[in-house]
Amino acid sequence: METNKAKRVEIIIEAPMEERLTGALEAAGVTGFTVLPVLGGSGRSGRWSREGQVSRAGGMVAVICIIREERLDTLLEAAFKVVKRHIGVVTVTDCEVLRAERF
Amino acid sequence: METNKAKRVEIIIEAPMEERLTGALEAAGVTGFTVLPVLGGSGRSGRWSREGQVSRAGGMVAVICIIREERLDTLLEAAFKVVKRHIGVVTVTDCEVLRAERF
Amino acid sequence: METNKAKRVEIIIEAPMEERLTGALEAAGVTGFTVLPVLGGSGRSGRWSREGQVSRAGGMVAVICIIREERLDTLLEAAFKVVKRHIGVVTVTDCEVLRAERF
Amino acid sequence: MLDTIIGLAGDNLLSPIILFFVLGLVAAFLRSDLSIPEAVAKGMSIYLLFAIGYKGGVSVSDHGIDQSLLTTLAAGIVLSFMIPIVAFGLLQVMTNLSRTDAAAVAGHYGSISIVTFVAATSVLQSQGIASEGYMVAIAAAMEAPAILSALWLVSRGAKPTEEEAQEREGLLREILLNGSIVLLVGSFLIGFITGKDGLAEIESFIISPFKGVLCLFLLDMGLVAGRGLRNSRGVLTVGLISFGVLMPVIGSIFGLLVSMLIGLSLGGTVLMMTLSASASYIAVPAAMRVALPEANPSIYLTMSLGVTFPFNLTLGIPLYLTLATLVGN
Amino acid sequence: MLDTIIGLAGDNLLSPIILFFVLGLVAAFLRSDLSIPEAVAKGMSIYLLFAIGYKGGVSVSDHGIDQSLLTTLAAGIVLSFMIPIVAFGLLQVMTNLSRTDAAAVAGHYGSISIVTFVAATSVLQSQGIASEGYMVAIAAAMEAPAILSALWLVSRGAKPTEEEAQEREGLLREILLNGSIVLLVGSFLIGFITGKDGLAEIESFIISPFKGVLCLFLLDMGLVAGRGLRNSRGVLTVGLISFGVLMPVIGSIFGLLVSMLIGLSLGGTVLMMTLSASASYIAVPAAMRVALPEANPSIYLTMSLGVTFPFNLTLGIPLYLTLATLVGN
Amino acid sequence: MLDTIIGLAGDNLLSPIILFFVLGLVAAFLRSDLSIPEAVAKGMSIYLLFAIGYKGGVSVSDHGIDQSLLTTLAAGIVLSFMIPIVAFGLLQVMTNLSRTDAAAVAGHYGSISIVTFVAATSVLQSQGIASEGYMVAIAAAMEAPAILSALWLVSRGAKPTEEEAQEREGLLREILLNGSIVLLVGSFLIGFITGKDGLAEIESFIISPFKGVLCLFLLDMGLVAGRGLRNSRGVLTVGLISFGVLMPVIGSIFGLLVSMLIGLSLGGTVLMMTLSASASYIAVPAAMRVALPEANPSIYLTMSLGVTFPFNLTLGIPLYLTLATLVGN
Ligand SMILES: Nc1ncnc2c1ncn2[C@@H]1O[C@H](COP(=O)(O)O)[C@@H](O)[C@H]1O
Ligand SMILES: Nc1ncnc2c1ncn2[C@@H]1O[C@H](COP(=O)(O)O)[C@@H](O)[C@H]1O
Ligand SMILES: Nc1ncnc2c1ncn2[C@@H]1O[C@H](COP(=O)(O)O)[C@@H](O)[C@H]1O
Ligand code: NA
Ligand code: NA
Ligand code: NA
């Protein structure tokens, strides 16, 4: 089947920042994104788990964004502004998409 | 460690279509898949969030399928038939797998 | 923006083995990981779904680990020891990361 | 008469149930992050279906099976098949929706909203008006037929493509066996089998806390309806809003006529009117996503959940009660 | 005697609890999408453990600590260790399971199912038969030992490899501190400490709604058991099914003998028989996935949840009650 | 006096509520896998907010709006603004936290913990001491101001950078409209509107099971607090622990003085003291993650949830009650 090159950006970020991040992505002209729940994790700021978390403060989410190659930099800059002072991870992977006209 | 080349296909699709998609994948001879929950997202059909969603109609899931390169096309065709008229995103990434004999 | 090469390892494993896997990853010197919930799946050992699962025994989770290329082998060996006798899938993808100093 | 409606509506509007719905709406409009976890909301809806199904069954086992049960069942099914056709005609006159969108919306109005039904039951209760226990079973029977009408409306003339046919395959089974119907009917049957003795055992679970759970559930409905309305500002035209208020009244009149024909009690008539007036927001949307993916979900969800549901909850039910009382005398 | 069993079984089969379990089974077989969200099901099981633990503790604090508590505890632990060995022998005769699969299945039958225990309590209650409050603590004590027996059965002769040893490390701690045991024992102790005064404070939470929650929980169990059976059609042989029905009866007879030996009351005897007869489907499967990953989970889950659990719930408990009554006279 | 405190504390320590909290702590320390699903825990906190808000509103509608409501509201807001400043000063003397960390911790102590408030209400109830129904509204009003104080403390002198300014934009709206505040205030208003009649309808949902739900909720709090403490062993210094015990007492004295000034009843005084003494672990941490991401969440969560919350629950509330009684005489 015909597929086209694109980039898959995955941003793991604190839940209280989700709105700000997706707002920034939309402002940067991203056509869509998907938010996945995260159960727990570990990093420089220690280990945490959602189960039995009273506070939203500790939770994280994963935001996935498929985007054309030429728009990657705009996206990363927008995302980085939000993520900069916060804990979180940003990865970019090469991928192929079906129905490329959508992105 | 010894790893082998494979493809990682990620399909984000409406929850009511999940059964049909996984049925089609199995019919196309896929050896396995994994379904992840999706919290929310945004695309051409607007923004939605699972929290406080009365209706299953709006929810989505992500189906991940690791597959040998040579079987990718069969999979994509099967998936595309289901996804075609529906909202959703299909991406394919190159990957390496351990225990390749399983795929 | 400046990004650096890294590896994204995704391990889908039975929930009762999660603690052992993340313990092994930490022992292998991994700087962080993220655990995602899994709704259901299918493989050689049949199909299962979390909804209406009385038993934890059947559930799975996805553990994602971003790691520098040179440390990949240590990680895979540690992970493999845990996964070996168990059902589960290990994939490795090339990726780029922001803030590479963190990994 | 206007006095009665206003009095009833006033009482109704100041009941905790409605006020919690309004709280949800307001919180959504203010963009508060208040939300009920999905699992808890689903848990509450399971509780409500379980409780009303069971109570209905006990009530039928208590009064004996009324001869009219089957007649009413048939009447409900006919209403569910017919109302979408009326709705479709009205939509083509009042709005400029595409055929597909109009058919999808029409399908929602033939089906029912179980929470609206519960709210009507609770108004009847507070007025001390009895009703046929089997109306719960009629509610279950009216969920699905409208979906078939919607598919027929959209494909009149045109034959479905091979893919469309494939997607609809299995759809009928899915609709008839969807969770809400199975739970409602199953609880009804168990209530019927175990009767008053069974009820005595689980009374303090399904009767005492019922109203309180309903308040929380309507809070969630308000949040969802409010967020839906906020996200689909572009969607609602004057024509659509008018339809969303007019159609339930028309539906209720069909319900009234049929109830008179088959001789339901006052309470039963009000419930039949409410079923005819209410629009689905669970079973039908899910079926439409599978069978009519081209139809825009924002339109039908906003109509049924954002316009018709609040209308029925606040003004509709008191209106139907007044109409039924007037006609009854 | 047959009359009594049939009478009891008839009453039991028509109780709301069993009927909701059957509804779940039927819904699963019809492939309905009815489902209870995982979080809600887990929440209900937490509620049940909390309530029965607490009530057990209050009852012990009320009647004073019976001297026989420790004896019964020891007896329960011995039963949990021994039953797997009997089960393993029987499996090798009746089926052609591999050693590993047979050991894994055997481990399940030495451990217990708390919902079966609760169902037995509720049958006793409806018959007005009292039982020792501390039986809840015995239930907790019988969860884990069987797991050790299973591991011993599989590794007799062979020394575990280094990796196996590593995986089992920490397993014992995990088993003894698994959530259900901690919650059950903790609630028992708190009930014991706070006694009747504490109970008065939370009575309307843990006593009144209990039966109703149990109905919903068994609906979920029925769904899960039904889906399990449907997905593992290939797995169940005649030998396995026979074992799944025979083994609980054998277990119950061991329980009966031990109860007579230590002089439990009629109610206590029935509960001890039920514990011995029931098979685990939570703690043991999780432990088996870690320690015996080669054992096929479809086999042991289908046996314990799909065959033995429904058997105990419907016919087993009335049978054990009849046996205990006969022997008691 | 010491006698009274010890007597009260003893009673309190052996109440089911506290014992379930302790069970949670112990389970966490033993590394049991016991856990309450996130959705269920959130569902319970929604239930608690709904119930106490509603009951407060009914009580105000019942006794008439007291003239002192507005005064007390103002007093609460002032306390919430001022306490962080005191706390910040104390932290700089007692610990060597960075400015940012100290400001973040201080913010938590100006805000409130609604579960501590509920626990105090329940102690008052068991002692038969009445209190002003509107104290619930005061609790809601005291949640947010402390956050502004914390931000002011950290940025005194320095102007926020452009990015910081951007992130704080909208923060005030988010804080004021956070779910807990909206639900608490909304339920309060609905309780006020519907009064005793409304309460009669939903009483058996929000009053009878309340204590039982609170037990389960505190079990979860114990689990979370225990896991928090276990994961942050390095974080807690002697200075921090001392602060976590001293600060609530100091806060409670501020609350006492203000209550005397505005003439609250004994019950109202105890609640105001408890609000002043308690530290937030929901609204403030979330705000801090957005506005002060450099502050270490382990520090402020461990302090408020791991040190001050247990202190208030066990010794604090009895102490405040004793102090208020002494001063009142
Ligand atoms: N190397 C990594 N791979 C995957 N996820 C990570 C990694 N490092 C951090 N994370 C995630 O990001 C969160 C915050 O990381 P940190 O800022 O290092 O504390 C962690 O709790 C993990 O969920
Ligand atoms: N570019 C994208 N990246 C990631 N997910 C997307 C993207 N576009 C759409 N989606 C997901 O697919 C759903 C439907 O998209 P659409 O068909 O564009 O409305 C959205 O709600 C998202 O969850
Ligand atoms: N090819 C695959 N792609 C994605 N996930 C898989 C695949 N094979 C197996 N899995 C996942 O791993 C679990 C166990 O697989 P198995 O060991 O083959 O039974 C399945 O339930 C799936 O969740
Ligand atoms: Na209708
Ligand atoms: Na057993
Ligand atoms: Na405070």
# chains A, B, ... in the order shown; residues from 1 in each chain; ligands from 1
>>> residues_near_ligand(ligand="ligand 2", cutoff="6 Å", atoms="only C-alpha atoms and all ligand atoms", output="VMD selection string")
(chain A and resid 31 to 34 64 to 67 103) or (chain B and resid 41 to 46 87 to 89)
>>> residues_near_ligand(ligand="ligand 5", cutoff="7 Å", atoms="only C-alpha atoms and all ligand atoms", output="PDB file with N, CA, C and O atoms, in the first residue's frame")
ATOM      1  N   SER E  80      -4.562 -26.696  53.485  1.00  0.00           N
ATOM      2  CA  SER E  80      -4.099 -25.980  52.295  1.00  0.00           C
ATOM      3  C   SER E  80      -2.809 -26.612  51.749  1.00  0.00           C
ATOM      4  O   SER E  80      -2.591 -26.660  50.534  1.00  0.00           O
ATOM      5  N   TYR E 109      -6.434 -25.676  43.963  1.00  0.00           N
ATOM      6  CA  TYR E 109      -7.476 -26.325  44.774  1.00  0.00           C
ATOM      7  C   TYR E 109      -7.129 -26.358  46.261  1.00  0.00           C
ATOM      8  O   TYR E 109      -8.009 -26.483  47.101  1.00  0.00           O
ATOM      9  N   GLY E 110      -5.843 -26.214  46.589  1.00  0.00           N
ATOM     10  CA  GLY E 110      -5.484 -26.115  47.993  1.00  0.00           C
ATOM     11  C   GLY E 110      -5.819 -24.749  48.566  1.00  0.00           C
ATOM     12  O   GLY E 110      -6.163 -24.615  49.736  1.00  0.00           O
ATOM     13  N   SER E 111      -5.733 -23.725  47.700  1.00  0.00           N
ATOM     14  CA  SER E 111      -6.058 -22.377  48.142  1.00  0.00           C
ATOM     15  C   SER E 111      -7.586 -22.192  48.112  1.00  0.00           C
ATOM     16  O   SER E 111      -8.327 -23.170  47.949  1.00  0.00           O
ATOM     17  N   ILE E 112      -8.072 -20.984  48.275  1.00  0.00           N
ATOM     18  CA  ILE E 112      -9.513 -20.799  48.475  1.00  0.00           C
ATOM     19  C   ILE E 112     -10.082 -19.693  47.570  1.00  0.00           C
ATOM     20  O   ILE E 112      -9.347 -18.890  47.024  1.00  0.00           O
ATOM     21  N   GLY E 251     -12.293 -32.476  48.450  1.00  0.00           N
ATOM     22  CA  GLY E 251     -11.767 -31.451  49.362  1.00  0.00           C
ATOM     23  C   GLY E 251     -12.720 -31.229  50.529  1.00  0.00           C
ATOM     24  O   GLY E 251     -12.293 -31.134  51.689  1.00  0.00           O
ATOM     25  N   LEU E 275     -14.284 -23.913  52.150  1.00  0.00           N
ATOM     26  CA  LEU E 275     -12.915 -23.449  51.903  1.00  0.00           C
ATOM     27  C   LEU E 275     -12.091 -24.565  51.271  1.00  0.00           C
ATOM     28  O   LEU E 275     -11.342 -24.336  50.304  1.00  0.00           O
ATOM     29  N   SER E 276     -12.226 -25.765  51.809  1.00  0.00           N
ATOM     30  CA  SER E 276     -11.437 -26.869  51.267  1.00  0.00           C
ATOM     31  C   SER E 276     -11.871 -27.192  49.842  1.00  0.00           C
ATOM     32  O   SER E 276     -11.064 -27.590  49.005  1.00  0.00           O
ATOM     33  N   ALA E 277     -13.144 -27.004  49.561  1.00  0.00           N
ATOM     34  CA  ALA E 277     -13.675 -27.362  48.251  1.00  0.00           C
ATOM     35  C   ALA E 277     -13.373 -26.325  47.176  1.00  0.00           C
ATOM     36  O   ALA E 277     -13.303 -26.651  45.994  1.00  0.00           O
ATOM     37  N   SER E 278     -13.194 -25.070  47.587  1.00  0.00           N
ATOM     38  CA  SER E 278     -13.099 -24.010  46.589  1.00  0.00           C
ATOM     39  C   SER E 278     -11.680 -23.888  46.049  1.00  0.00           C
ATOM     40  O   SER E 278     -10.720 -24.321  46.669  1.00  0.00           O
ATOM     41  N   ALA E 279     -11.577 -23.306  44.879  1.00  0.00           N
ATOM     42  CA  ALA E 279     -10.274 -23.143  44.229  1.00  0.00           C
ATOM     43  C   ALA E 279     -10.001 -21.667  43.996  1.00  0.00           C
ATOM     44  O   ALA E 279     -10.904 -20.898  43.658  1.00  0.00           O
TER      45      ALA E 279
END
>>> atom_distance(atom1="CA of Ile6 (chain D)", atom2="CA of Thr322 (chain D)")
9.9 Å
>>> select_by_dssp(residues="region 151-272 of chain E", states="helix (DSSP H, G or I)", output="PyMOL selection string")
chain E and resi 151-155+162-168+171-176+179-206+210-231+238-262+266-272
>>> closest_atom_pairs(of="chain F", to="ligand 6", cutoff="12 Å", atoms="only C-alpha atoms and all ligand atoms", output="Markdown table")
| residue | atom | partner | partner_atom_place_in_ligand_line | distance |
| --- | --- | --- | --- | --- |
| F:Gly76 | CA | ligand 6 | 1 (Na) | 9.7 |
| F:Ile77 | CA | ligand 6 | 1 (Na) | 10.7 |
| F:Val78 | CA | ligand 6 | 1 (Na) | 11.4 |
| F:Leu79 | CA | ligand 6 | 1 (Na) | 8.1 |
| F:Ser80 | CA | ligand 6 | 1 (Na) | 6.6 |
| F:Phe81 | CA | ligand 6 | 1 (Na) | 9.9 |
| F:Met82 | CA | ligand 6 | 1 (Na) | 10.0 |
| F:Ile83 | CA | ligand 6 | 1 (Na) | 7.2 |
| F:Pro84 | CA | ligand 6 | 1 (Na) | 8.5 |
| F:Ile85 | CA | ligand 6 | 1 (Na) | 11.9 |
| F:Val86 | CA | ligand 6 | 1 (Na) | 11.4 |
| F:Ala87 | CA | ligand 6 | 1 (Na) | 10.2 |
| F:Val105 | CA | ligand 6 | 1 (Na) | 11.3 |
| F:Ala106 | CA | ligand 6 | 1 (Na) | 9.5 |
| F:Gly107 | CA | ligand 6 | 1 (Na) | 8.8 |
| F:His108 | CA | ligand 6 | 1 (Na) | 7.1 |
| F:Tyr109 | CA | ligand 6 | 1 (Na) | 4.4 |
| F:Gly110 | CA | ligand 6 | 1 (Na) | 4.2 |
| F:Ser111 | CA | ligand 6 | 1 (Na) | 4.5 |
| F:Ile112 | CA | ligand 6 | 1 (Na) | 4.4 |
| F:Ser113 | CA | ligand 6 | 1 (Na) | 7.3 |
| F:Ile114 | CA | ligand 6 | 1 (Na) | 10.1 |
| F:Thr116 | CA | ligand 6 | 1 (Na) | 10.2 |
| F:Phe117 | CA | ligand 6 | 1 (Na) | 10.3 |
| F:Ile138 | CA | ligand 6 | 1 (Na) | 11.7 |
| F:Ala139 | CA | ligand 6 | 1 (Na) | 9.4 |
| F:Ala140 | CA | ligand 6 | 1 (Na) | 11.6 |
| F:Ala141 | CA | ligand 6 | 1 (Na) | 11.5 |
| F:Met142 | CA | ligand 6 | 1 (Na) | 7.8 |
| F:Glu143 | CA | ligand 6 | 1 (Na) | 8.3 |
| F:Ala144 | CA | ligand 6 | 1 (Na) | 10.7 |
| F:Pro145 | CA | ligand 6 | 1 (Na) | 10.7 |
| F:Ala146 | CA | ligand 6 | 1 (Na) | 8.6 |
| F:Ile147 | CA | ligand 6 | 1 (Na) | 11.4 |
| F:Gly244 | CA | ligand 6 | 1 (Na) | 11.8 |
| F:Met247 | CA | ligand 6 | 1 (Na) | 9.2 |
| F:Pro248 | CA | ligand 6 | 1 (Na) | 7.4 |
| F:Val249 | CA | ligand 6 | 1 (Na) | 10.4 |
| F:Ile250 | CA | ligand 6 | 1 (Na) | 10.2 |
| F:Gly251 | CA | ligand 6 | 1 (Na) | 6.7 |
| F:Ser252 | CA | ligand 6 | 1 (Na) | 8.3 |
| F:Ile253 | CA | ligand 6 | 1 (Na) | 11.3 |
| F:Phe254 | CA | ligand 6 | 1 (Na) | 10.1 |
| F:Gly255 | CA | ligand 6 | 1 (Na) | 9.2 |
| F:Leu271 | CA | ligand 6 | 1 (Na) | 11.1 |
| F:Met272 | CA | ligand 6 | 1 (Na) | 9.3 |
| F:Met273 | CA | ligand 6 | 1 (Na) | 8.6 |
| F:Thr274 | CA | ligand 6 | 1 (Na) | 7.5 |
| F:Leu275 | CA | ligand 6 | 1 (Na) | 5.1 |
| F:Ser276 | CA | ligand 6 | 1 (Na) | 3.7 |
| F:Ala277 | CA | ligand 6 | 1 (Na) | 4.7 |
| F:Ser278 | CA | ligand 6 | 1 (Na) | 4.2 |
| F:Ala279 | CA | ligand 6 | 1 (Na) | 4.9 |
| F:Ser280 | CA | ligand 6 | 1 (Na) | 7.1 |
| F:Tyr281 | CA | ligand 6 | 1 (Na) | 10.8 |
| F:Val284 | CA | ligand 6 | 1 (Na) | 11.1 |
| F:Ser304 | CA | ligand 6 | 1 (Na) | 10.0 |
| F:Thr308 | CA | ligand 6 | 1 (Na) | 10.2 |
| F:Phe309 | CA | ligand 6 | 1 (Na) | 10.8 |
| F:Asn312 | CA | ligand 6 | 1 (Na) | 11.0 |
>>> residues_around(residues="Thr91 (chain A)", least_positions_apart="2", cutoff="12 Å", atoms="only C-alpha atoms", output="PyMOL selection string")
(chain A and resi 7-13+62-66+72+76+79-80+88-89+93-94) or (chain C and resi 2-9+64-67+93-100+103)
>>> select_by_dssp(residues="chain B", states="strand (DSSP E)", output="ChimeraX atom specification")
/B:4-14,33-37,40-43,46-49,60-67,88-97
>>> residues_around(residues="Ile299 (chain F)", least_positions_apart="2", cutoff="9 Å", atoms="only C-alpha atoms", output="list in words")
Asp101, Val105, Ser232, Val235, Leu236, Leu240, Ala295, Asn296, Pro297, Leu301, Thr302, Met303 and Ser304 of chain F
>>> interface_residues(of="chain F", to="chain A", cutoff="9 Å", atoms="only C-alpha atoms", output="ChimeraX atom specification")
/F:35-39,41-42,163,167,220-221,223-224,228,231-232,281-290,292-294,296-298,301
>>> atom_distance(atom1="atom 13 (C, counted along the ligand's line) of ligand 1", atom2="CA of Thr161 (chain F)")
24.9 Å
>>> closest_atom_pairs(of="chain F", to="chain D", cutoff="12 Å", atoms="only C-alpha atoms", output="JSON lines")
{"residue": "F:Pro37", "atom": "CA", "partner": "D:Ala39", "partner_atom": "CA", "distance": 10.0}
{"residue": "F:Glu38", "atom": "CA", "partner": "D:Pro37", "partner_atom": "CA", "distance": 8.8}
{"residue": "F:Ala39", "atom": "CA", "partner": "D:Pro37", "partner_atom": "CA", "distance": 5.6}
{"residue": "F:Val40", "atom": "CA", "partner": "D:Val40", "partner_atom": "CA", "distance": 6.8}
{"residue": "F:Ala41", "atom": "CA", "partner": "D:Pro37", "partner_atom": "CA", "distance": 9.8}
{"residue": "F:Lys42", "atom": "CA", "partner": "D:Pro37", "partner_atom": "CA", "distance": 7.1}
{"residue": "F:Gly43", "atom": "CA", "partner": "D:Val40", "partner_atom": "CA", "distance": 6.2}
{"residue": "F:Met44", "atom": "CA", "partner": "D:Val40", "partner_atom": "CA", "distance": 9.5}
{"residue": "F:Ser45", "atom": "CA", "partner": "D:Ile36", "partner_atom": "CA", "distance": 10.3}
{"residue": "F:Ile46", "atom": "CA", "partner": "D:Ile36", "partner_atom": "CA", "distance": 7.8}
{"residue": "F:Tyr47", "atom": "CA", "partner": "D:Leu216", "partner_atom": "CA", "distance": 8.2}
{"residue": "F:Leu48", "atom": "CA", "partner": "D:Leu216", "partner_atom": "CA", "distance": 11.6}
{"residue": "F:Leu49", "atom": "CA", "partner": "D:Leu216", "partner_atom": "CA", "distance": 11.2}
{"residue": "F:Phe50", "atom": "CA", "partner": "D:Leu216", "partner_atom": "CA", "distance": 8.3}
{"residue": "F:Ala51", "atom": "CA", "partner": "D:Gly212", "partner_atom": "CA", "distance": 9.6}
{"residue": "F:Tyr54", "atom": "CA", "partner": "D:Pro16", "partner_atom": "CA", "distance": 9.9}
{"residue": "F:Val58", "atom": "CA", "partner": "D:Pro16", "partner_atom": "CA", "distance": 11.6}
{"residue": "F:Gly170", "atom": "CA", "partner": "D:Arg31", "partner_atom": "CA", "distance": 11.1}
{"residue": "F:Leu171", "atom": "CA", "partner": "D:Ser32", "partner_atom": "CA", "distance": 11.8}
{"residue": "F:Leu172", "atom": "CA", "partner": "D:Ser32", "partner_atom": "CA", "distance": 11.7}
{"residue": "F:Arg173", "atom": "CA", "partner": "D:Ser32", "partner_atom": "CA", "distance": 8.5}
{"residue": "F:Glu174", "atom": "CA", "partner": "D:Ser32", "partner_atom": "CA", "distance": 7.0}
{"residue": "F:Ile175", "atom": "CA", "partner": "D:Ser32", "partner_atom": "CA", "distance": 9.1}
{"residue": "F:Leu176", "atom": "CA", "partner": "D:Ser32", "partner_atom": "CA", "distance": 8.6}
{"residue": "F:Leu177", "atom": "CA", "partner": "D:Ser32", "partner_atom": "CA", "distance": 4.9}
{"residue": "F:Asn178", "atom": "CA", "partner": "D:Asp33", "partner_atom": "CA", "distance": 5.6}
{"residue": "F:Gly179", "atom": "CA", "partner": "D:Leu34", "partner_atom": "CA", "distance": 3.7}
{"residue": "F:Ser180", "atom": "CA", "partner": "D:Leu34", "partner_atom": "CA", "distance": 7.1}
{"residue": "F:Ile181", "atom": "CA", "partner": "D:Leu34", "partner_atom": "CA", "distance": 8.9}
{"residue": "F:Val182", "atom": "CA", "partner": "D:Ala27", "partner_atom": "CA", "distance": 7.0}
{"residue": "F:Leu183", "atom": "CA", "partner": "D:Leu34", "partner_atom": "CA", "distance": 7.4}
{"residue": "F:Leu184", "atom": "CA", "partner": "D:Leu34", "partner_atom": "CA", "distance": 10.7}
{"residue": "F:Val185", "atom": "CA", "partner": "D:Leu23", "partner_atom": "CA", "distance": 9.9}
{"residue": "F:Gly186", "atom": "CA", "partner": "D:Leu23", "partner_atom": "CA", "distance": 6.3}
{"residue": "F:Ser187", "atom": "CA", "partner": "D:Phe20", "partner_atom": "CA", "distance": 7.8}
{"residue": "F:Phe188", "atom": "CA", "partner": "D:Phe20", "partner_atom": "CA", "distance": 11.0}
{"residue": "F:Leu189", "atom": "CA", "partner": "D:Leu19", "partner_atom": "CA", "distance": 9.4}
{"residue": "F:Ile190", "atom": "CA", "partner": "D:Leu19", "partner_atom": "CA", "distance": 6.5}
{"residue": "F:Gly191", "atom": "CA", "partner": "D:Pro16", "partner_atom": "CA", "distance": 7.9}
{"residue": "F:Phe192", "atom": "CA", "partner": "D:Pro16", "partner_atom": "CA", "distance": 10.4}
{"residue": "F:Ile193", "atom": "CA", "partner": "D:Leu14", "partner_atom": "CA", "distance": 7.5}
{"residue": "F:Thr194", "atom": "CA", "partner": "D:Pro16", "partner_atom": "CA", "distance": 6.5}
{"residue": "F:Gly195", "atom": "CA", "partner": "D:Pro16", "partner_atom": "CA", "distance": 9.6}
{"residue": "F:Lys196", "atom": "CA", "partner": "D:Pro16", "partner_atom": "CA", "distance": 11.2}
{"residue": "F:Asp197", "atom": "CA", "partner": "D:Ser15", "partner_atom": "CA", "distance": 9.3}
{"residue": "F:Gly198", "atom": "CA", "partner": "D:Pro16", "partner_atom": "CA", "distance": 6.2}
{"residue": "F:Leu199", "atom": "CA", "partner": "D:Pro16", "partner_atom": "CA", "distance": 8.7}
{"residue": "F:Ala200", "atom": "CA", "partner": "D:Lys211", "partner_atom": "CA", "distance": 10.3}
{"residue": "F:Glu201", "atom": "CA", "partner": "D:Lys211", "partner_atom": "CA", "distance": 6.7}
{"residue": "F:Ile202", "atom": "CA", "partner": "D:Gly212", "partner_atom": "CA", "distance": 4.8}
{"residue": "F:Glu203", "atom": "CA", "partner": "D:Gly212", "partner_atom": "CA", "distance": 7.8}
{"residue": "F:Ser204", "atom": "CA", "partner": "D:Pro209", "partner_atom": "CA", "distance": 5.5}
{"residue": "F:Phe205", "atom": "CA", "partner": "D:Pro209", "partner_atom": "CA", "distance": 4.4}
{"residue": "F:Ile206", "atom": "CA", "partner": "D:Gly212", "partner_atom": "CA", "distance": 7.1}
{"residue": "F:Ile207", "atom": "CA", "partner": "D:Pro209", "partner_atom": "CA", "distance": 10.0}
{"residue": "F:Ser208", "atom": "CA", "partner": "D:Pro209", "partner_atom": "CA", "distance": 9.4}
{"residue": "F:Pro209", "atom": "CA", "partner": "D:Pro209", "partner_atom": "CA", "distance": 9.3}
{"residue": "F:Phe210", "atom": "CA", "partner": "D:Pro209", "partner_atom": "CA", "distance": 11.7}
{"residue": "F:Ala283", "atom": "CA", "partner": "D:Asp33", "partner_atom": "CA", "distance": 11.4}
{"residue": "F:Ala286", "atom": "CA", "partner": "D:Asp33", "partner_atom": "CA", "distance": 12.0}
>>> closest_residue(among="B:Val83, B:Val90, B:Ala78, B:Val35", to="ligand 3", atoms="only C-alpha atoms and all ligand atoms")
B:Val35
>>> closest_residue(among="B:Thr74, B:Glu18, B:Glu101, B:Met60", to="ligand 3", atoms="only C-alpha atoms and all ligand atoms")
B:Glu101
>>> closest_residue(among="B:Val61, B:Leu75, B:Ala27, B:Val38", to="chain A", atoms="only C-alpha atoms")
B:Val38
>>> closest_residue(among="C:Pro37, C:Ala24, C:Arg71, C:Val30", to="ligand 1", atoms="only C-alpha atoms and all ligand atoms")
C:Val30
>>> atom_distance(atom1="CA of Leu319 (chain E)", atom2="CA of Leu305 (chain E)")
19.2 Å
